[in-house]
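*Asks:* So that you have it, the file is coords_37.csv, and it contains CSV, C-alpha atoms:
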```csv
chain,number,residue,atom,x,y,z
A,1,MET,CA,0.0,0.0,0.0
A,2,THR,CA,1.3,3.4,-0.9
A,3,THR,CA,2.1,5.9,1.8
A,4,LEU,CA,2.9,9.6,1.3
A,5,TYR,CA,5.7,10.8,3.6
A,6,VAL,CA,6.0,14.6,4.0
A,7,ASP,CA,9.2,16.1,5.5
A,8,ALA,CA,6.9,18.6,7.1
A,9,ASP,CA,9.3,21.1,8.8
A,10,ALA,CA,9.3,24.2,6.6
A,11,CYS,CA,7.3,22.4,3.9
A,12,PRO,CA,5.2,24.9,1.8
A,13,VAL,CA,2.9,22.3,0.3
A,14,LYS,CA,1.5,20.4,3.2
A,15,ALA,CA,-2.1,21.4,2.4
A,16,GLU,CA,-1.7,20.5,-1.2
A,17,ALA,CA,-0.2,17.1,-0.4
A,18,GLU,CA,-3.1,16.3,1.9
A,19,LYS,CA,-5.7,17.3,-0.7
A,20,VAL,CA,-4.2,15.2,-3.5
A,21,ALA,CA,-3.6,12.2,-1.1
A,22,THR,CA,-7.1,12.4,0.2
A,23,ARG,CA,-8.5,12.3,-3.4
A,24,HIS,CA,-6.5,9.1,-3.9
A,25,LYS,CA,-7.3,7.7,-0.5
A,26,VAL,CA,-3.5,7.4,0.4
A,27,PRO,CA,-2.4,7.7,4.0
A,28,VAL,CA,-0.1,10.7,4.8
A,29,LYS,CA,2.6,10.9,7.4
A,30,LEU,CA,3.5,14.5,8.2
A,31,VAL,CA,6.9,14.1,10.0
A,32,CYS,CA,8.2,17.0,12.0
A,33,ASN,CA,9.9,18.2,15.2
A,34,GLY,CA,6.6,19.8,16.3
A,35,GLY,CA,5.0,23.1,15.8
A,36,ILE,CA,2.4,22.2,13.2
A,37,ARG,CA,-1.3,21.8,13.8
A,38,PRO,CA,-2.5,18.2,13.4
A,39,SER,CA,-5.0,17.6,10.6
A,40,ALA,CA,-8.6,16.4,11.4
A,41,ASN,CA,-8.3,14.3,8.2
A,42,PRO,CA,-8.3,10.6,9.3
A,43,LEU,CA,-5.9,9.7,6.5
A,44,VAL,CA,-3.3,12.2,7.9
A,45,GLU,CA,-1.1,11.3,10.8
A,46,THR,CA,1.2,13.9,12.3
A,47,VAL,CA,4.4,12.2,13.5
A,48,ILE,CA,6.3,14.3,16.0
A,49,VAL,CA,9.9,13.1,16.4
A,50,PRO,CA,12.4,14.2,19.1
A,51,GLU,CA,14.4,17.4,18.6
A,52,GLY,CA,17.8,16.9,17.0
A,53,PRO,CA,19.5,17.2,13.6
A,54,ASP,CA,18.0,15.0,10.9
A,55,VAL,CA,15.8,13.0,13.3
A,56,ALA,CA,12.7,13.5,11.1
A,57,ASP,CA,14.8,12.6,8.0
A,58,MET,CA,16.0,9.4,9.6
A,59,TRP,CA,12.4,8.5,10.6
A,60,ILE,CA,11.3,8.9,7.0
A,61,ALA,CA,14.3,7.1,5.5
A,62,ASP,CA,13.8,4.1,7.8
A,63,ARG,CA,10.2,3.6,6.6
A,64,ALA,CA,9.9,4.8,3.0
A,65,GLY,CA,10.3,2.1,0.3
A,66,PRO,CA,9.0,0.8,-3.0
A,67,GLY,CA,5.5,2.1,-3.8
A,68,ASP,CA,5.8,5.1,-1.4
A,69,VAL,CA,6.1,8.7,-2.2
A,70,VAL,CA,8.3,11.2,-0.3
A,71,ILE,CA,8.0,15.0,-0.4
A,72,THR,CA,11.2,16.8,0.7
A,73,GLY,CA,13.5,19.6,-0.1
A,74,ASP,CA,16.3,17.8,1.8
A,75,ILE,CA,18.6,16.3,-0.9
A,76,PRO,CA,20.5,13.7,1.4
A,77,LEU,CA,17.1,12.4,2.6
A,78,ALA,CA,15.9,12.3,-1.0
A,79,ALA,CA,18.9,10.2,-1.9
A,80,LYS,CA,18.2,7.7,0.8
A,81,CYS,CA,14.6,7.4,-0.2
A,82,VAL,CA,15.4,7.0,-3.9
A,83,GLU,CA,17.9,4.3,-3.0
A,84,ALA,CA,15.2,2.5,-1.0
A,85,GLY,CA,12.9,2.5,-4.0
A,86,ALA,CA,10.5,5.4,-3.1
A,87,GLN,CA,9.5,8.1,-5.5
A,88,VAL,CA,10.6,11.5,-4.4
A,89,LEU,CA,9.3,15.0,-5.2
A,90,LYS,CA,10.7,18.4,-4.2
A,91,HIS,CA,8.3,21.1,-3.2
A,92,ASP,CA,8.3,22.6,-6.7
A,93,GLY,CA,7.3,19.3,-8.3
A,94,GLU,CA,10.8,18.3,-9.5
A,95,SER,CA,11.1,14.5,-9.3
A,96,LEU,CA,14.4,13.1,-7.9
A,97,THR,CA,15.3,9.8,-9.4
A,98,GLN,CA,18.3,7.5,-9.7
A,99,ALA,CA,19.1,9.4,-12.9
A,100,ASN,CA,19.4,12.9,-11.3
A,101,ILE,CA,20.0,12.4,-7.6
A,102,GLY,CA,23.8,12.4,-8.0
A,103,ASN,CA,23.7,15.8,-9.7
A,104,ALA,CA,21.4,17.2,-7.1
A,105,LEU,CA,23.8,16.0,-4.3
A,106,ALA,CA,26.8,17.5,-6.1
A,107,MET,CA,25.0,20.8,-6.6
A,108,ARG,CA,24.0,20.9,-3.0
A,109,ASP,CA,27.6,20.3,-1.9
A,110,LEU,CA,28.9,22.9,-4.3
A,111,MET,CA,26.5,25.6,-3.0
A,112,TYR,CA,27.5,24.7,0.6
A,113,ASP,CA,31.2,25.2,-0.3
A,114,LEU,CA,30.5,28.5,-2.0
A,115,ARG,CA,28.5,29.8,1.0
A,116,ALA,CA,31.3,28.6,3.4
A,117,ALA,CA,34.0,30.3,1.3
A,118,ASP,CA,32.2,33.7,1.2
A,119,PRO,CA,30.3,34.4,4.5
A,120,PHE,CA,29.0,37.7,3.0
A,121,ARG,CA,27.3,35.9,0.1
A,122,GLN,CA,23.6,36.4,0.5
A,123,GLY,CA,20.5,35.4,-1.4
A,124,GLY,CA,20.8,33.4,-4.6
A,125,GLY,CA,17.6,31.4,-4.1
A,126,LYS,CA,14.3,32.2,-5.7
A,127,GLY,CA,11.1,32.5,-3.8
A,128,PHE,CA,8.4,29.8,-3.9
A,129,SER,CA,5.9,30.9,-6.6
A,130,LYS,CA,2.3,30.0,-7.6
A,131,ALA,CA,3.8,28.3,-10.6
A,132,ASP,CA,5.9,26.1,-8.3
A,133,ARG,CA,2.8,25.2,-6.4
A,134,SER,CA,0.9,24.3,-9.6
A,135,ARG,CA,3.8,22.2,-10.8
A,136,PHE,CA,3.9,20.4,-7.5
A,137,LEU,CA,0.2,19.6,-7.6
A,138,ASP,CA,0.5,18.2,-11.1
A,139,ALA,CA,3.6,16.2,-10.3
A,140,LEU,CA,2.0,14.7,-7.1
A,141,GLU,CA,-1.1,13.8,-9.0
A,142,ARG,CA,0.9,11.9,-11.6
A,143,THR,CA,3.2,10.3,-9.1
A,144,LEU,CA,0.4,9.0,-6.8
A,145,ARG,CA,-1.4,7.5,-9.9
A,146,LYS,CA,1.9,5.8,-10.9
A,147,ALA,CA,2.6,4.6,-7.3
A,148,LYS,CA,-0.9,3.1,-6.9
A,149,ALA,CA,-0.8,1.3,-10.2
```
Can you give me the file's structure in the form of structure tokens?

*Replies:*
Amino acid sequence: MTTLYVDADACPVKAEAEKVATRHKVPVKLVCNGGIRPSANPLVETVIVPEGPDVADMWIADRAGPGDVVITGDIPLAAKCVEAGAQVLKHDGESLTQANIGNALAMRDLMYDLRAADPFRQGGGKGFSKADRSRFLDALERTLRKAKA
């Protein structure tokens, strides 16, 4: 059975994920360190993990596997989930797969190094747009259909 795992801390598409998952009758696990309001939807479980670096990521990585869908912006978590056979979507609808996860990890590491080399470097990232939200909804719809098939 397909489960939708959402790395819920700082996730801008929780409501959209719940809406699409409910339409497909797929259970949702919103995993966080706390601070989000639990949903009244019986398909949605809020999983609150202890404080600590990457605790929510480890919880998801330990459970996600073939047939599951994971929503995260965390590239190392995405890599673990892809390796476990889960389908992974970023918040803007980009799919992370065996074919592109290596490039995503390399880009993440490069950006980390650039920021570390120049502590005065600011910005660089673009804001989350309505187009990103729309792409996410479309991608999640297609991904859940594929996962349930």

*Asks:* Determine, counting all atoms listed in the file, every residue of protein, DNA or RNA that lies within 9 Å of (6.0, 17.8, 13.0) in the file coordinates, then give the result as a list in words.

*Replies:*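 The residues near that point, listed by chain and number, are Asp7, Ala8, Asp9, Leu30, Val31, Cys32, Asn33, Gly34, Gly35, Ile36, Arg37, Pro38, Thr46, Val47, Ile48, Val49 and Ala56 of chain A.
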
*Asks:* Check the smallest atom-to-atom distance from each of A:Ala99, A:Ile71, A:Ala106, A:Cys81 to Phe136 of chain A using only C-alpha atoms, then report the winner.

*Replies:*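 So, comparing all the options, the nearest one is A:Ile71.
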
*Asks:* Which one is closest to Arg108 of chain A: A:Leu137, A:Val6, A:Ile60, A:Ala79? Count only C-alpha atoms.

*Replies:*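 Among A:Leu137, A:Val6, A:Ile60, A:Ala79, it is A:Ala79 that comes nearest to Arg108 of chain A.
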
*Asks:* Within 12 Å of Ala104 of chain A, counting all atoms listed in the file, which residues show up once you throw out same-chain ones fewer than 2 positions away? Write them as a VMD selection string, please.

*Replies:* chain A and resid 73 to 79 90 94 to 102 106 to 111

*Asks:* Please write the residues from the selection above to a file, keeping C-alpha atoms, as a tab-separated table (two decimals), in the coordinates of the input.

*Replies:*
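File written: selection_24.tsv
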```
chain	number	residue	atom	x	y	z
A	73	GLY	CA	13.50	19.60	-0.10
A	74	ASP	CA	16.30	17.80	1.80
A	75	ILE	CA	18.60	16.30	-0.90
A	76	PRO	CA	20.50	13.70	1.40
A	77	LEU	CA	17.10	12.40	2.60
A	78	ALA	CA	15.90	12.30	-1.00
A	79	ALA	CA	18.90	10.20	-1.90
A	90	LYS	CA	10.70	18.40	-4.20
A	94	GLU	CA	10.80	18.30	-9.50
A	95	SER	CA	11.10	14.50	-9.30
A	96	LEU	CA	14.40	13.10	-7.90
A	97	THR	CA	15.30	9.80	-9.40
A	98	GLN	CA	18.30	7.50	-9.70
A	99	ALA	CA	19.10	9.40	-12.90
A	100	ASN	CA	19.40	12.90	-11.30
A	101	ILE	CA	20.00	12.40	-7.60
A	102	GLY	CA	23.80	12.40	-8.00
A	106	ALA	CA	26.80	17.50	-6.10
A	107	MET	CA	25.00	20.80	-6.60
A	108	ARG	CA	24.00	20.90	-3.00
A	109	ASP	CA	27.60	20.30	-1.90
A	110	LEU	CA	28.90	22.90	-4.30
A	111	MET	CA	26.50	25.60	-3.00
```

*Asks:* For the atom pair atom CA of Pro119 of chain A and atom CA of Gly52 of chain A, what is the interatomic distance in Å to one decimal place?

*Replies:*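 Interatomic distance here is 24.9 Å.
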
*Asks:* Report the distance between atom CA of Val69 of chain A and atom CA of Arg133 of chain A in Å, rounded to one decimal place.

*Replies:* 17.3 Å

*Asks:* Given the point (8.6, 6.6, -5.4) in the file's coordinates, find the residues that have an atom at most 6 Å from it, counting only C-alpha atoms, and give them as JSON, numbers by chain.

*Replies:* {"A": [67, 68, 69, 86, 87, 88]}

*Asks:* Those residues you just picked out, can you put them in a file as a short mmCIF file (atom, residue, chain, number, x, y, z; two decimals), keeping the file's coordinate frame with C-alpha atoms?

*Replies:*
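Dumped to out09.cif:
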```cif
data_model
loop_
_atom_site.label_atom_id
_atom_site.label_comp_id
_atom_site.auth_asym_id
_atom_site.auth_seq_id
_atom_site.Cartn_x
_atom_site.Cartn_y
_atom_site.Cartn_z
CA GLY A 67 5.50 2.10 -3.80
CA ASP A 68 5.80 5.10 -1.40
CA VAL A 69 6.10 8.70 -2.20
CA ALA A 86 10.50 5.40 -3.10
CA GLN A 87 9.50 8.10 -5.50
CA VAL A 88 10.60 11.50 -4.40
#
```

*Asks:* Closest to Thr72 of chain A among A:Lys146, A:Cys11, A:Met1, A:Lys29, using all atoms listed in the file?

*Replies:* A:Cys11

*Asks:* Which one is closest to Glu141 of chain A: A:Pro12, A:Pro27, A:Leu89, A:Glu83? Count all atoms listed in the file.

*Replies:*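 Of A:Pro12, A:Pro27, A:Leu89, A:Glu83, the one nearest Glu141 of chain A, counting all atoms listed in the file, is A:Leu89.
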
*Asks:* Using atom CA of Gly85 of chain A and atom CA of Asp132 of chain A as the two end points, give the distance in Å to one decimal.

*Replies:* 25.0 Å

*Asks:* Set the distance at 10 Å and use all atoms listed in the file: which residues neighbour Asp62 of chain A once local chain neighbours fewer than 3 positions away are removed? I'd like the list as a CSV table (one decimal) with C-alpha atoms, keeping the file's coordinate frame.

*Replies:*
```csv
chain,number,residue,atom,x,y,z
A,57,ASP,CA,14.8,12.6,8.0
A,58,MET,CA,16.0,9.4,9.6
A,59,TRP,CA,12.4,8.5,10.6
A,65,GLY,CA,10.3,2.1,0.3
A,80,LYS,CA,18.2,7.7,0.8
A,81,CYS,CA,14.6,7.4,-0.2
A,84,ALA,CA,15.2,2.5,-1.0
```

*Asks:* Point out the residue among A:Arg23, A:Asp118, A:Val44, A:Pro66 with the least atom-to-atom distance to Ala147 of chain A, counting all atoms listed in the file.

*Replies:*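 Using all atoms listed in the file, Ala147 of chain A sits closest to A:Pro66.
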
*Asks:* Find, counting all atoms listed in the file, the residue in A:Asp92, A:Glu18, A:Val82, A:Arg63 that gets nearest to Gly127 of chain A.

*Replies:*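 Checking each of A:Asp92, A:Glu18, A:Val82, A:Arg63 against Gly127 of chain A, counting all atoms listed in the file, the winner is A:Asp92.
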